[in-house]
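A short write-up of the structure that comes next.
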Amino acid sequence: MTFYPLASSSKGNAYIVSDGDTNILLEAGLTAKELRRRSPVPISSIDACFITHEHMDHAKCARSLCDKGVPVYMSEGTAIALELEDANVMESRETVNVGALRVMAFDTYHNTAQPFGYAIEDTHSRERMLFAVDTVNLNVRIPGLTEIALECNYADDLLGRLTKLPDKVKERIRRSHMEIDTAVQYLHKLDLSRVQIIWLLHMSSASGDAGRFLDRFEHEFPGIEIRICKE
Ligand SMILES: [Zn+2]
Ligand SMILES: [Zn+2]
């Protein structure tokens with residue numbers, strides 16, 4: 001199972017998970033044109049798309065994918081918010097099989113109707129990946145994880161220092177996105193014994209710091225490869 005981050009920030013999110021036969025798109029937060037440009041596979045080869053929530057940086061081309069006949073999965077709350085009658089609605093903890101990949105939805109915590117994260121399992125190789133973005137915290141426990149893609153949006157001291165950002169906006173960020181200490185503490189609660197890679201997603205350009213985040217995670221999780229997804 002290979003994870004390809006195509007875009008990861010408040011400007012747009014799109015990620016592909018592929019086992020070589022089946023291609024799953026996580027998030028549709030690019031224009032259809034930009035998705036086509038960045039995707040390692042043709043859009044016609046995308047077997048299903050899973051969307052976490054209705055914010056446009058995650059759902060911009062959801063309708064266009066539906067119109068092209070791609071099955072697009074999300075929570076009922078997200079489908080209602082997007083007014084997407086063609087969406088495939090999932091419940092939290094429900095599982096959907098796409099080829100040899102199995103995707104389970106779980107609840108996340110964001111300022112939207114009914115946000116989800118997804119766990120993806122390759123039923124042949126038994127690799128398991130956790131994918132969660134735009135969530136203030138997490139409590140899901142997936143056994144046997146081999147790869148993790150988790151939001152690490154900001155460091156609170158850097159956010160606090162942004163003098164031009166209104167306090168209201170800072171509070172909204174603190175209530176809807178994952179801070180670096182929260183990400184570290186959450187990961188320490190998981191069984192990481194099989195985890196090979198941790199991807200850090202959706203880093204803020206204003207209140208994140210790639211070098212510092214990388215140093216911190218490499219120090220906290222020795223032996224695990226840490227990668228920061230680019231914008
Ligand atoms: Zn976002
Ligand atoms: Zn969001």
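Ordered as shown in the structure tokens, chains take letters A, B, and onward, while each chain numbers its residues from 1 and ligands are numbered from 1 in the order shown.
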>> For ligand 2, return the neighbouring residues as a ChimeraX atom specification (distance at most 12 Å; only C-alpha atoms and all ligand atoms).
In response: /A:8-13,27,29,51-60,78,108-117,132-136,151,153,172-173,175-178,202
Using N, CA and C atoms, can you export the residues from the last selection as a short mmCIF file (atom, residue, chain, number, x, y, z; two decimals), in the first residue's frame?
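The resulting again-v1.cif:
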data_model
loop_
_atom_site.label_atom_id
_atom_site.label_comp_id
_atom_site.auth_asym_id
_atom_site.auth_seq_id
_atom_site.Cartn_x
_atom_site.Cartn_y
_atom_site.Cartn_z
N SER A 8 -1.67 19.26 0.90
CA SER A 8 -1.96 19.11 2.32
C SER A 8 -1.81 20.44 3.05
N SER A 9 -2.87 21.25 3.03
CA SER A 9 -2.87 22.50 3.78
C SER A 9 -4.28 23.07 3.73
N SER A 10 -4.46 24.24 4.33
CA SER A 10 -5.79 24.87 4.29
C SER A 10 -6.11 25.38 2.89
N LYS A 11 -5.14 25.25 1.96
CA LYS A 11 -5.41 25.63 0.57
C LYS A 11 -5.98 24.47 -0.23
N GLY A 12 -5.79 23.26 0.26
CA GLY A 12 -6.31 22.11 -0.47
C GLY A 12 -5.71 20.81 0.04
N ASN A 13 -6.53 19.75 0.02
CA ASN A 13 -6.08 18.44 0.48
C ASN A 13 -6.48 17.37 -0.51
N GLU A 27 -9.92 12.72 0.30
CA GLU A 27 -10.15 14.16 0.15
C GLU A 27 -10.18 14.58 -1.33
N GLY A 29 -10.03 18.12 -2.19
CA GLY A 29 -9.93 19.56 -1.94
C GLY A 29 -9.08 20.33 -2.94
N ILE A 51 -14.20 11.38 1.84
CA ILE A 51 -14.06 12.78 2.23
C ILE A 51 -14.31 12.91 3.73
N THR A 52 -13.47 13.70 4.41
CA THR A 52 -13.57 13.79 5.87
C THR A 52 -14.63 14.80 6.34
N HIS A 53 -14.76 15.91 5.61
CA HIS A 53 -15.74 16.94 6.03
C HIS A 53 -15.95 17.94 4.90
N GLU A 54 -16.90 18.84 5.10
CA GLU A 54 -17.39 19.66 4.01
C GLU A 54 -16.56 20.91 3.69
N HIS A 55 -15.55 21.24 4.47
CA HIS A 55 -14.76 22.43 4.13
C HIS A 55 -14.16 22.27 2.74
N MET A 56 -14.15 23.39 2.02
CA MET A 56 -13.78 23.33 0.60
C MET A 56 -12.35 22.86 0.37
N ASP A 57 -11.45 23.10 1.34
CA ASP A 57 -10.08 22.59 1.15
C ASP A 57 -10.02 21.06 1.24
N HIS A 58 -11.18 20.44 1.47
CA HIS A 58 -11.26 18.96 1.51
C HIS A 58 -12.29 18.41 0.52
N ALA A 59 -13.12 19.30 -0.03
CA ALA A 59 -14.27 18.78 -0.80
C ALA A 59 -14.54 19.53 -2.11
N LYS A 60 -13.58 20.35 -2.54
CA LYS A 60 -13.80 21.23 -3.69
C LYS A 60 -14.34 20.51 -4.93
N THR A 78 -21.91 15.36 6.45
CA THR A 78 -21.09 16.00 5.42
C THR A 78 -21.85 16.05 4.09
N THR A 108 -14.16 12.16 14.09
CA THR A 108 -13.13 13.13 14.45
C THR A 108 -13.82 14.36 15.03
N TYR A 109 -13.05 15.37 15.42
CA TYR A 109 -13.59 16.50 16.19
C TYR A 109 -13.18 17.82 15.54
N HIS A 110 -14.12 18.41 14.81
CA HIS A 110 -13.83 19.59 14.00
C HIS A 110 -15.09 20.46 14.00
N ASN A 111 -14.97 21.69 13.53
CA ASN A 111 -16.12 22.61 13.56
C ASN A 111 -17.00 22.42 12.32
N THR A 112 -17.41 21.19 12.08
CA THR A 112 -18.26 20.86 10.94
C THR A 112 -19.33 19.86 11.38
N ALA A 113 -20.24 19.51 10.45
CA ALA A 113 -21.44 18.75 10.80
C ALA A 113 -21.12 17.38 11.41
N GLN A 114 -20.37 16.56 10.68
CA GLN A 114 -20.12 15.18 11.14
C GLN A 114 -18.80 14.69 10.52
N PRO A 115 -17.69 15.21 11.04
CA PRO A 115 -16.40 14.86 10.42
C PRO A 115 -15.97 13.42 10.70
N PHE A 116 -15.28 12.84 9.74
CA PHE A 116 -14.76 11.47 9.85
C PHE A 116 -13.25 11.45 9.60
N GLY A 117 -12.59 10.45 10.16
CA GLY A 117 -11.27 10.03 9.71
C GLY A 117 -11.46 8.63 9.14
N ALA A 132 -6.18 10.91 9.56
CA ALA A 132 -7.04 11.85 10.29
C ALA A 132 -6.49 13.26 10.13
N VAL A 133 -7.37 14.15 9.69
CA VAL A 133 -6.94 15.53 9.41
C VAL A 133 -8.05 16.47 9.87
N ASP A 134 -7.71 17.70 10.22
CA ASP A 134 -8.69 18.65 10.73
C ASP A 134 -9.48 18.07 11.89
N THR A 135 -8.77 17.79 12.97
CA THR A 135 -9.42 17.25 14.16
C THR A 135 -8.65 17.73 15.38
N VAL A 136 -9.36 18.27 16.35
CA VAL A 136 -8.68 18.87 17.50
C VAL A 136 -8.01 17.80 18.35
N GLU A 151 -2.96 14.91 11.21
CA GLU A 151 -2.80 16.37 11.20
C GLU A 151 -1.84 16.81 12.30
N ASN A 153 -1.11 20.61 12.90
CA ASN A 153 -1.42 21.90 12.29
C ASN A 153 -0.55 23.05 12.77
N ARG A 172 -10.70 29.77 17.32
CA ARG A 172 -11.34 28.84 16.39
C ARG A 172 -10.34 27.75 15.97
N ILE A 173 -9.10 28.15 15.70
CA ILE A 173 -8.06 27.18 15.33
C ILE A 173 -7.83 26.20 16.48
N ARG A 175 -9.81 25.24 18.69
CA ARG A 175 -10.95 24.33 18.92
C ARG A 175 -11.21 23.39 17.74
N SER A 176 -10.45 23.53 16.66
CA SER A 176 -10.79 22.70 15.49
C SER A 176 -9.59 22.02 14.82
N HIS A 177 -8.37 22.36 15.21
CA HIS A 177 -7.20 21.75 14.57
C HIS A 177 -6.24 21.16 15.61
N MET A 178 -5.38 20.26 15.16
CA MET A 178 -4.52 19.55 16.10
C MET A 178 -3.19 20.27 16.33
N HIS A 202 -1.38 18.88 6.84
CA HIS A 202 -2.12 20.13 7.03
C HIS A 202 -1.40 21.11 7.96
#
Kindly provide the residues of range 91-172 of chain A that approach range 211-222 of chain A to within 10 Å, each paired with its closest atom pair and their distance in Å to one decimal, based on only C-alpha atoms, listed by chain and increasing number, as JSON lines.
{"residue": "A:Cys152", "atom": "CA", "partner": "A:Phe213", "partner_atom": "CA", "distance": 8.4}
{"residue": "A:Asn153", "atom": "CA", "partner": "A:Phe213", "partner_atom": "CA", "distance": 9.9}
{"residue": "A:Tyr154", "atom": "CA", "partner": "A:Phe213", "partner_atom": "CA", "distance": 9.2}
{"residue": "A:Ala155", "atom": "CA", "partner": "A:Phe213", "partner_atom": "CA", "distance": 8.7}
> Leaving out Tyr15 in chain A and any residue of its chain fewer than 6 positions from it, which residues lie within 12 Å of it when counting only C-alpha atoms, given as a VMD selection string?
Replying inline: chain A and resid 2 to 9 23 to 30 35 38 to 41 46 49 to 52 58 131 to 133 149 199 201 to 202 229 to 231
Taking N, CA and C atoms for each residue, export the selection above as a short mmCIF file (atom, residue, chain, number, x, y, z; two decimals), in the first residue's frame.
data_model
loop_
_atom_site.label_atom_id
_atom_site.label_comp_id
_atom_site.auth_asym_id
_atom_site.auth_seq_id
_atom_site.Cartn_x
_atom_site.Cartn_y
_atom_site.Cartn_z
N THR A 2 0.67 2.13 -0.94
CA THR A 2 1.50 3.34 -1.04
C THR A 2 0.62 4.57 -0.84
N PHE A 3 1.14 5.52 -0.07
CA PHE A 3 0.43 6.76 0.22
C PHE A 3 1.10 7.89 -0.56
N TYR A 4 0.31 8.60 -1.36
CA TYR A 4 0.82 9.73 -2.14
C TYR A 4 0.12 11.02 -1.68
N PRO A 5 0.80 11.88 -0.93
CA PRO A 5 0.18 13.17 -0.60
C PRO A 5 0.26 14.10 -1.81
N LEU A 6 -0.86 14.58 -2.30
CA LEU A 6 -0.88 15.47 -3.48
C LEU A 6 -0.97 16.93 -3.06
N ALA A 7 -1.66 17.17 -1.94
CA ALA A 7 -1.82 18.52 -1.42
C ALA A 7 -2.23 18.40 0.03
N SER A 8 -1.67 19.26 0.90
CA SER A 8 -1.96 19.11 2.32
C SER A 8 -1.81 20.44 3.05
N SER A 9 -2.87 21.25 3.03
CA SER A 9 -2.87 22.50 3.78
C SER A 9 -4.28 23.07 3.73
N ASN A 23 -7.07 2.19 -6.44
CA ASN A 23 -6.64 3.54 -6.07
C ASN A 23 -7.76 4.24 -5.32
N ILE A 24 -7.45 4.65 -4.10
CA ILE A 24 -8.43 5.39 -3.30
C ILE A 24 -7.95 6.83 -3.16
N LEU A 25 -8.85 7.75 -3.41
CA LEU A 25 -8.55 9.17 -3.18
C LEU A 25 -9.11 9.56 -1.82
N LEU A 26 -8.25 10.08 -0.96
CA LEU A 26 -8.71 10.63 0.32
C LEU A 26 -8.74 12.14 0.16
N GLU A 27 -9.92 12.72 0.30
CA GLU A 27 -10.15 14.16 0.15
C GLU A 27 -10.18 14.58 -1.33
N ALA A 28 -10.98 15.60 -1.59
CA ALA A 28 -11.13 16.11 -2.94
C ALA A 28 -11.05 17.64 -2.89
N GLY A 29 -10.03 18.12 -2.19
CA GLY A 29 -9.93 19.56 -1.94
C GLY A 29 -9.08 20.33 -2.94
N LEU A 30 -9.08 19.86 -4.18
CA LEU A 30 -8.42 20.58 -5.28
C LEU A 30 -9.45 20.77 -6.38
N LEU A 35 -6.25 18.43 -9.51
CA LEU A 35 -6.18 17.03 -9.09
C LEU A 35 -5.57 16.19 -10.21
N ARG A 38 -1.83 16.74 -10.47
CA ARG A 38 -0.98 16.22 -9.39
C ARG A 38 -1.08 14.71 -9.21
N SER A 39 -2.17 14.11 -9.67
CA SER A 39 -2.41 12.69 -9.37
C SER A 39 -1.42 11.78 -10.11
N PRO A 40 -0.88 10.77 -9.42
CA PRO A 40 0.01 9.82 -10.10
C PRO A 40 -0.76 8.84 -10.98
N VAL A 41 -2.08 8.79 -10.85
CA VAL A 41 -2.90 7.89 -11.68
C VAL A 41 -3.98 8.73 -12.38
N ILE A 46 -9.38 6.12 -10.47
CA ILE A 46 -9.71 6.25 -9.04
C ILE A 46 -10.99 5.45 -8.77
N CYS A 49 -13.58 7.61 -3.60
CA CYS A 49 -13.05 8.77 -2.88
C CYS A 49 -13.71 8.83 -1.51
N PHE A 50 -12.94 9.15 -0.49
CA PHE A 50 -13.48 9.28 0.87
C PHE A 50 -13.18 10.70 1.35
N ILE A 51 -14.20 11.38 1.84
CA ILE A 51 -14.06 12.78 2.23
C ILE A 51 -14.31 12.91 3.73
N THR A 52 -13.47 13.70 4.41
CA THR A 52 -13.57 13.79 5.87
C THR A 52 -14.63 14.80 6.34
N HIS A 58 -11.18 20.44 1.47
CA HIS A 58 -11.26 18.96 1.51
C HIS A 58 -12.29 18.41 0.52
N PHE A 131 -5.74 7.61 8.93
CA PHE A 131 -5.74 8.90 8.25
C PHE A 131 -6.71 9.83 9.00
N ALA A 132 -6.18 10.91 9.56
CA ALA A 132 -7.04 11.85 10.29
C ALA A 132 -6.49 13.26 10.13
N VAL A 133 -7.37 14.15 9.69
CA VAL A 133 -6.94 15.53 9.41
C VAL A 133 -8.05 16.47 9.87
N ALA A 149 -1.08 8.83 9.06
CA ALA A 149 -1.12 10.16 8.44
C ALA A 149 -2.01 11.01 9.33
N TRP A 199 3.23 10.39 8.67
CA TRP A 199 3.10 11.57 7.82
C TRP A 199 2.41 12.66 8.64
N LEU A 201 0.26 16.05 8.49
CA LEU A 201 -0.61 16.67 7.48
C LEU A 201 -1.02 18.09 7.87
N HIS A 202 -1.38 18.88 6.84
CA HIS A 202 -2.12 20.13 7.03
C HIS A 202 -1.40 21.11 7.96
N CYS A 229 3.95 16.45 4.91
CA CYS A 229 3.32 16.60 3.59
C CYS A 229 3.42 18.05 3.15
N LYS A 230 3.76 18.25 1.88
CA LYS A 230 3.86 19.61 1.34
C LYS A 230 2.49 20.17 1.02
N GLU A 231 2.42 21.48 0.89
CA GLU A 231 1.16 22.17 0.56
C GLU A 231 0.54 21.64 -0.72
#
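CA of Gln185 in chain A lies 19.1 Å from CA of Ser207 in chain A.
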>> Report, in Å to a single decimal, how far apart CA of Leu65 in chain A and CA of Arg37 in chain A are.
In response: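 Value for the CA of Arg37 in chain A-CA of Leu65 in chain A distance: 14.9 Å.
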>> So the first atom is CA of Thr22 in chain A and the second is CA of Pro71 in chain A; what is the distance between them in Å, to one decimal place?
In response: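 Spanning CA of Thr22 in chain A to CA of Pro71 in chain A is a straight-line distance of 13.1 Å.
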> For ligand 1, which residue among A:Ser18, A:Thr182, A:Asn97, A:Ser204 is the nearest when counting only C-alpha atoms and all ligand atoms?
Replying inline: A:Ser204
I need the strand (DSSP E or B) residues of range 13-213 of chain A per DSSP on the backbone, written as a PDB file with N, CA and C atoms, in the first residue's frame.
ATOM      1  N   ASN A  13      -6.531  19.746   0.019  1.00  0.00           N
ATOM      2  CA  ASN A  13      -6.076  18.438   0.478  1.00  0.00           C
ATOM      3  C   ASN A  13      -6.485  17.367  -0.515  1.00  0.00           C
ATOM      4  N   ALA A  14      -5.545  16.492  -0.836  1.00  0.00           N
ATOM      5  CA  ALA A  14      -5.829  15.320  -1.662  1.00  0.00           C
ATOM      6  C   ALA A  14      -4.686  14.335  -1.449  1.00  0.00           C
ATOM      7  N   TYR A  15      -5.034  13.082  -1.266  1.00  0.00           N
ATOM      8  CA  TYR A  15      -4.054  12.027  -0.993  1.00  0.00           C
ATOM      9  C   TYR A  15      -4.534  10.784  -1.715  1.00  0.00           C
ATOM     10  N   ILE A  16      -3.611  10.023  -2.269  1.00  0.00           N
ATOM     11  CA  ILE A  16      -4.004   8.759  -2.892  1.00  0.00           C
ATOM     12  C   ILE A  16      -3.370   7.608  -2.127  1.00  0.00           C
ATOM     13  N   VAL A  17      -4.182   6.583  -1.884  1.00  0.00           N
ATOM     14  CA  VAL A  17      -3.690   5.333  -1.308  1.00  0.00           C
ATOM     15  C   VAL A  17      -3.900   4.269  -2.367  1.00  0.00           C
ATOM     16  N   SER A  18      -2.825   3.534  -2.689  1.00  0.00           N
ATOM     17  CA  SER A  18      -2.914   2.564  -3.770  1.00  0.00           C
ATOM     18  C   SER A  18      -2.197   1.271  -3.390  1.00  0.00           C
ATOM     19  N   ASN A  23      -7.067   2.186  -6.445  1.00  0.00           N
ATOM     20  CA  ASN A  23      -6.638   3.536  -6.069  1.00  0.00           C
ATOM     21  C   ASN A  23      -7.755   4.238  -5.323  1.00  0.00           C
ATOM     22  N   ILE A  24      -7.455   4.652  -4.105  1.00  0.00           N
ATOM     23  CA  ILE A  24      -8.431   5.389  -3.304  1.00  0.00           C
ATOM     24  C   ILE A  24      -7.946   6.825  -3.157  1.00  0.00           C
ATOM     25  N   LEU A  25      -8.849   7.749  -3.405  1.00  0.00           N
ATOM     26  CA  LEU A  25      -8.547   9.171  -3.181  1.00  0.00           C
ATOM     27  C   LEU A  25      -9.110   9.559  -1.821  1.00  0.00           C
ATOM     28  N   LEU A  26      -8.247  10.084  -0.957  1.00  0.00           N
ATOM     29  CA  LEU A  26      -8.708  10.627   0.321  1.00  0.00           C
ATOM     30  C   LEU A  26      -8.740  12.139   0.160  1.00  0.00           C
ATOM     31  N   ALA A  48     -12.537   4.917  -5.736  1.00  0.00           N
ATOM     32  CA  ALA A  48     -13.449   5.511  -4.749  1.00  0.00           C
ATOM     33  C   ALA A  48     -12.753   6.688  -4.102  1.00  0.00           C
ATOM     34  N   CYS A  49     -13.577   7.613  -3.596  1.00  0.00           N
ATOM     35  CA  CYS A  49     -13.047   8.774  -2.884  1.00  0.00           C
ATOM     36  C   CYS A  49     -13.711   8.826  -1.509  1.00  0.00           C
ATOM     37  N   PHE A  50     -12.938   9.149  -0.488  1.00  0.00           N
ATOM     38  CA  PHE A  50     -13.478   9.282   0.868  1.00  0.00           C
ATOM     39  C   PHE A  50     -13.177  10.700   1.346  1.00  0.00           C
ATOM     40  N   VAL A  72     -18.226   8.418  -4.135  1.00  0.00           N
ATOM     41  CA  VAL A  72     -17.662   9.345  -3.153  1.00  0.00           C
ATOM     42  C   VAL A  72     -18.345   9.101  -1.801  1.00  0.00           C
ATOM     43  N   TYR A  73     -17.545   8.732  -0.801  1.00  0.00           N
ATOM     44  CA  TYR A  73     -18.058   8.348   0.518  1.00  0.00           C
ATOM     45  C   TYR A  73     -17.831   9.464   1.531  1.00  0.00           C
ATOM     46  N   MET A  74     -18.778   9.585   2.461  1.00  0.00           N
ATOM     47  CA  MET A  74     -18.674  10.575   3.532  1.00  0.00           C
ATOM     48  C   MET A  74     -19.777  10.307   4.547  1.00  0.00           C
ATOM     49  N   SER A  75     -19.776  11.054   5.640  1.00  0.00           N
ATOM     50  CA  SER A  75     -20.851  10.920   6.630  1.00  0.00           C
ATOM     51  C   SER A  75     -22.130  11.557   6.078  1.00  0.00           C
ATOM     52  N   ASN A  88     -22.155   8.548  -1.280  1.00  0.00           N
ATOM     53  CA  ASN A  88     -22.361   7.284  -0.578  1.00  0.00           C
ATOM     54  C   ASN A  88     -22.168   7.557   0.910  1.00  0.00           C
ATOM     55  N   VAL A  89     -23.243   7.437   1.654  1.00  0.00           N
ATOM     56  CA  VAL A  89     -23.190   7.804   3.062  1.00  0.00           C
ATOM     57  C   VAL A  89     -22.728   6.608   3.900  1.00  0.00           C
ATOM     58  N   MET A  90     -21.784   6.893   4.820  1.00  0.00           N
ATOM     59  CA  MET A  90     -21.280   5.869   5.744  1.00  0.00           C
ATOM     60  C   MET A  90     -21.603   6.265   7.167  1.00  0.00           C
ATOM     61  N   THR A  95     -17.562  -0.204   7.574  1.00  0.00           N
ATOM     62  CA  THR A  95     -16.446  -0.585   6.719  1.00  0.00           C
ATOM     63  C   THR A  95     -16.912  -0.726   5.280  1.00  0.00           C
ATOM     64  N   VAL A  96     -16.091  -0.255   4.344  1.00  0.00           N
ATOM     65  CA  VAL A  96     -16.394  -0.395   2.914  1.00  0.00           C
ATOM     66  C   VAL A  96     -15.194  -1.064   2.245  1.00  0.00           C
ATOM     67  N   ASN A  97     -15.447  -2.083   1.430  1.00  0.00           N
ATOM     68  CA  ASN A  97     -14.367  -2.738   0.685  1.00  0.00           C
ATOM     69  C   ASN A  97     -14.276  -2.135  -0.709  1.00  0.00           C
ATOM     70  N   VAL A  98     -13.070  -1.741  -1.084  1.00  0.00           N
ATOM     71  CA  VAL A  98     -12.809  -1.251  -2.441  1.00  0.00           C
ATOM     72  C   VAL A  98     -11.655  -2.101  -2.965  1.00  0.00           C
ATOM     73  N   LEU A 101      -8.720  -3.265  -0.726  1.00  0.00           N
ATOM     74  CA  LEU A 101      -8.563  -2.297   0.362  1.00  0.00           C
ATOM     75  C   LEU A 101      -9.868  -2.198   1.152  1.00  0.00           C
ATOM     76  N   ARG A 102      -9.744  -2.102   2.447  1.00  0.00           N
ATOM     77  CA  ARG A 102     -10.920  -2.022   3.316  1.00  0.00           C
ATOM     78  C   ARG A 102     -10.827  -0.722   4.110  1.00  0.00           C
ATOM     79  N   VAL A 103     -11.866   0.084   4.040  1.00  0.00           N
ATOM     80  CA  VAL A 103     -11.834   1.414   4.653  1.00  0.00           C
ATOM     81  C   VAL A 103     -12.885   1.503   5.755  1.00  0.00           C
ATOM     82  N   MET A 104     -12.446   1.902   6.936  1.00  0.00           N
ATOM     83  CA  MET A 104     -13.379   2.094   8.053  1.00  0.00           C
ATOM     84  C   MET A 104     -13.414   3.571   8.451  1.00  0.00           C
ATOM     85  N   ALA A 105     -14.635   4.092   8.633  1.00  0.00           N
ATOM     86  CA  ALA A 105     -14.792   5.484   9.068  1.00  0.00           C
ATOM     87  C   ALA A 105     -14.784   5.551  10.594  1.00  0.00           C
ATOM     88  N   PHE A 106     -14.282   6.646  11.120  1.00  0.00           N
ATOM     89  CA  PHE A 106     -14.393   6.891  12.573  1.00  0.00           C
ATOM     90  C   PHE A 106     -14.593   8.383  12.810  1.00  0.00           C
ATOM     91  N   ASP A 107     -15.106   8.717  13.994  1.00  0.00           N
ATOM     92  CA  ASP A 107     -15.416  10.117  14.307  1.00  0.00           C
ATOM     93  C   ASP A 107     -14.156  10.929  14.586  1.00  0.00           C
ATOM     94  N   PHE A 116     -15.282  12.835   9.738  1.00  0.00           N
ATOM     95  CA  PHE A 116     -14.758  11.470   9.848  1.00  0.00           C
ATOM     96  C   PHE A 116     -13.254  11.449   9.601  1.00  0.00           C
ATOM     97  N   GLY A 117     -12.592  10.452  10.157  1.00  0.00           N
ATOM     98  CA  GLY A 117     -11.269  10.025   9.710  1.00  0.00           C
ATOM     99  C   GLY A 117     -11.458   8.627   9.144  1.00  0.00           C
ATOM    100  N   TYR A 118     -10.401   8.073   8.556  1.00  0.00           N
ATOM    101  CA  TYR A 118     -10.527   6.745   7.940  1.00  0.00           C
ATOM    102  C   TYR A 118      -9.318   5.873   8.286  1.00  0.00           C
ATOM    103  N   ALA A 119      -9.599   4.599   8.488  1.00  0.00           N
ATOM    104  CA  ALA A 119      -8.528   3.605   8.623  1.00  0.00           C
ATOM    105  C   ALA A 119      -8.592   2.746   7.373  1.00  0.00           C
ATOM    106  N   ILE A 120      -7.448   2.553   6.730  1.00  0.00           N
ATOM    107  CA  ILE A 120      -7.407   1.799   5.477  1.00  0.00           C
ATOM    108  C   ILE A 120      -6.543   0.566   5.686  1.00  0.00           C
ATOM    109  N   GLU A 121      -7.101  -0.586   5.353  1.00  0.00           N
ATOM    110  CA  GLU A 121      -6.349  -1.837   5.488  1.00  0.00           C
ATOM    111  C   GLU A 121      -6.170  -2.473   4.119  1.00  0.00           C
ATOM    112  N   ASP A 122      -4.952  -2.921   3.852  1.00  0.00           N
ATOM    113  CA  ASP A 122      -4.695  -3.742   2.671  1.00  0.00           C
ATOM    114  C   ASP A 122      -4.912  -5.191   3.105  1.00  0.00           C
ATOM    115  N   ARG A 128      -1.848  -1.512   7.593  1.00  0.00           N
ATOM    116  CA  ARG A 128      -2.976  -0.716   8.087  1.00  0.00           C
ATOM    117  C   ARG A 128      -2.554   0.726   8.297  1.00  0.00           C
ATOM    118  N   MET A 129      -3.367   1.616   7.794  1.00  0.00           N
ATOM    119  CA  MET A 129      -3.044   3.033   7.870  1.00  0.00           C
ATOM    120  C   MET A 129      -4.150   3.818   8.559  1.00  0.00           C
ATOM    121  N   LEU A 130      -3.755   4.752   9.382  1.00  0.00           N
ATOM    122  CA  LEU A 130      -4.708   5.672  10.001  1.00  0.00           C
ATOM    123  C   LEU A 130      -4.598   7.006   9.279  1.00  0.00           C
ATOM    124  N   PHE A 131      -5.741   7.609   8.933  1.00  0.00           N
ATOM    125  CA  PHE A 131      -5.742   8.898   8.250  1.00  0.00           C
ATOM    126  C   PHE A 131      -6.708   9.831   8.995  1.00  0.00           C
ATOM    127  N   ALA A 132      -6.178  10.909   9.555  1.00  0.00           N
ATOM    128  CA  ALA A 132      -7.039  11.848  10.289  1.00  0.00           C
ATOM    129  C   ALA A 132      -6.494  13.257  10.127  1.00  0.00           C
ATOM    130  N   GLU A 147       1.233   2.455   9.252  1.00  0.00           N
ATOM    131  CA  GLU A 147       1.476   3.791   8.699  1.00  0.00           C
ATOM    132  C   GLU A 147       0.440   4.752   9.293  1.00  0.00           C
ATOM    133  N   ILE A 148       0.866   5.959   9.576  1.00  0.00           N
ATOM    134  CA  ILE A 148      -0.046   6.942  10.176  1.00  0.00           C
ATOM    135  C   ILE A 148       0.073   8.249   9.408  1.00  0.00           C
ATOM    136  N   ALA A 149      -1.077   8.830   9.058  1.00  0.00           N
ATOM    137  CA  ALA A 149      -1.117  10.162   8.442  1.00  0.00           C
ATOM    138  C   ALA A 149      -2.010  11.010   9.328  1.00  0.00           C
ATOM    139  N   LEU A 150      -1.410  11.937  10.056  1.00  0.00           N
ATOM    140  CA  LEU A 150      -2.123  12.663  11.110  1.00  0.00           C
ATOM    141  C   LEU A 150      -1.902  14.166  10.969  1.00  0.00           C
ATOM    142  N   GLU A 151      -2.964  14.910  11.210  1.00  0.00           N
ATOM    143  CA  GLU A 151      -2.799  16.365  11.199  1.00  0.00           C
ATOM    144  C   GLU A 151      -1.836  16.806  12.296  1.00  0.00           C
ATOM    145  N   TYR A 154      -0.347  23.122  14.092  1.00  0.00           N
ATOM    146  CA  TYR A 154       0.312  24.317  14.618  1.00  0.00           C
ATOM    147  C   TYR A 154       1.000  24.021  15.948  1.00  0.00           C
ATOM    148  N   GLU A 179      -2.913  20.502  17.595  1.00  0.00           N
ATOM    149  CA  GLU A 179      -1.665  21.135  18.009  1.00  0.00           C
ATOM    150  C   GLU A 179      -0.582  20.060  18.116  1.00  0.00           C
ATOM    151  N   ILE A 197       6.106   4.580   9.037  1.00  0.00           N
ATOM    152  CA  ILE A 197       6.119   5.993   8.620  1.00  0.00           C
ATOM    153  C   ILE A 197       5.007   6.757   9.332  1.00  0.00           C
ATOM    154  N   ILE A 198       5.318   7.960   9.775  1.00  0.00           N
ATOM    155  CA  ILE A 198       4.294   8.903  10.241  1.00  0.00           C
ATOM    156  C   ILE A 198       4.354  10.115   9.316  1.00  0.00           C
ATOM    157  N   TRP A 199       3.230  10.386   8.665  1.00  0.00           N
ATOM    158  CA  TRP A 199       3.097  11.575   7.823  1.00  0.00           C
ATOM    159  C   TRP A 199       2.409  12.664   8.641  1.00  0.00           C
ATOM    160  N   LEU A 200       2.940  13.876   8.606  1.00  0.00           N
ATOM    161  CA  LEU A 200       2.293  14.999   9.284  1.00  0.00           C
ATOM    162  C   LEU A 200       1.554  15.830   8.235  1.00  0.00           C
ATOM    163  N   LEU A 201       0.260  16.049   8.486  1.00  0.00           N
ATOM    164  CA  LEU A 201      -0.608  16.668   7.483  1.00  0.00           C
ATOM    165  C   LEU A 201      -1.025  18.087   7.871  1.00  0.00           C
TER     166      LEU A 201
END
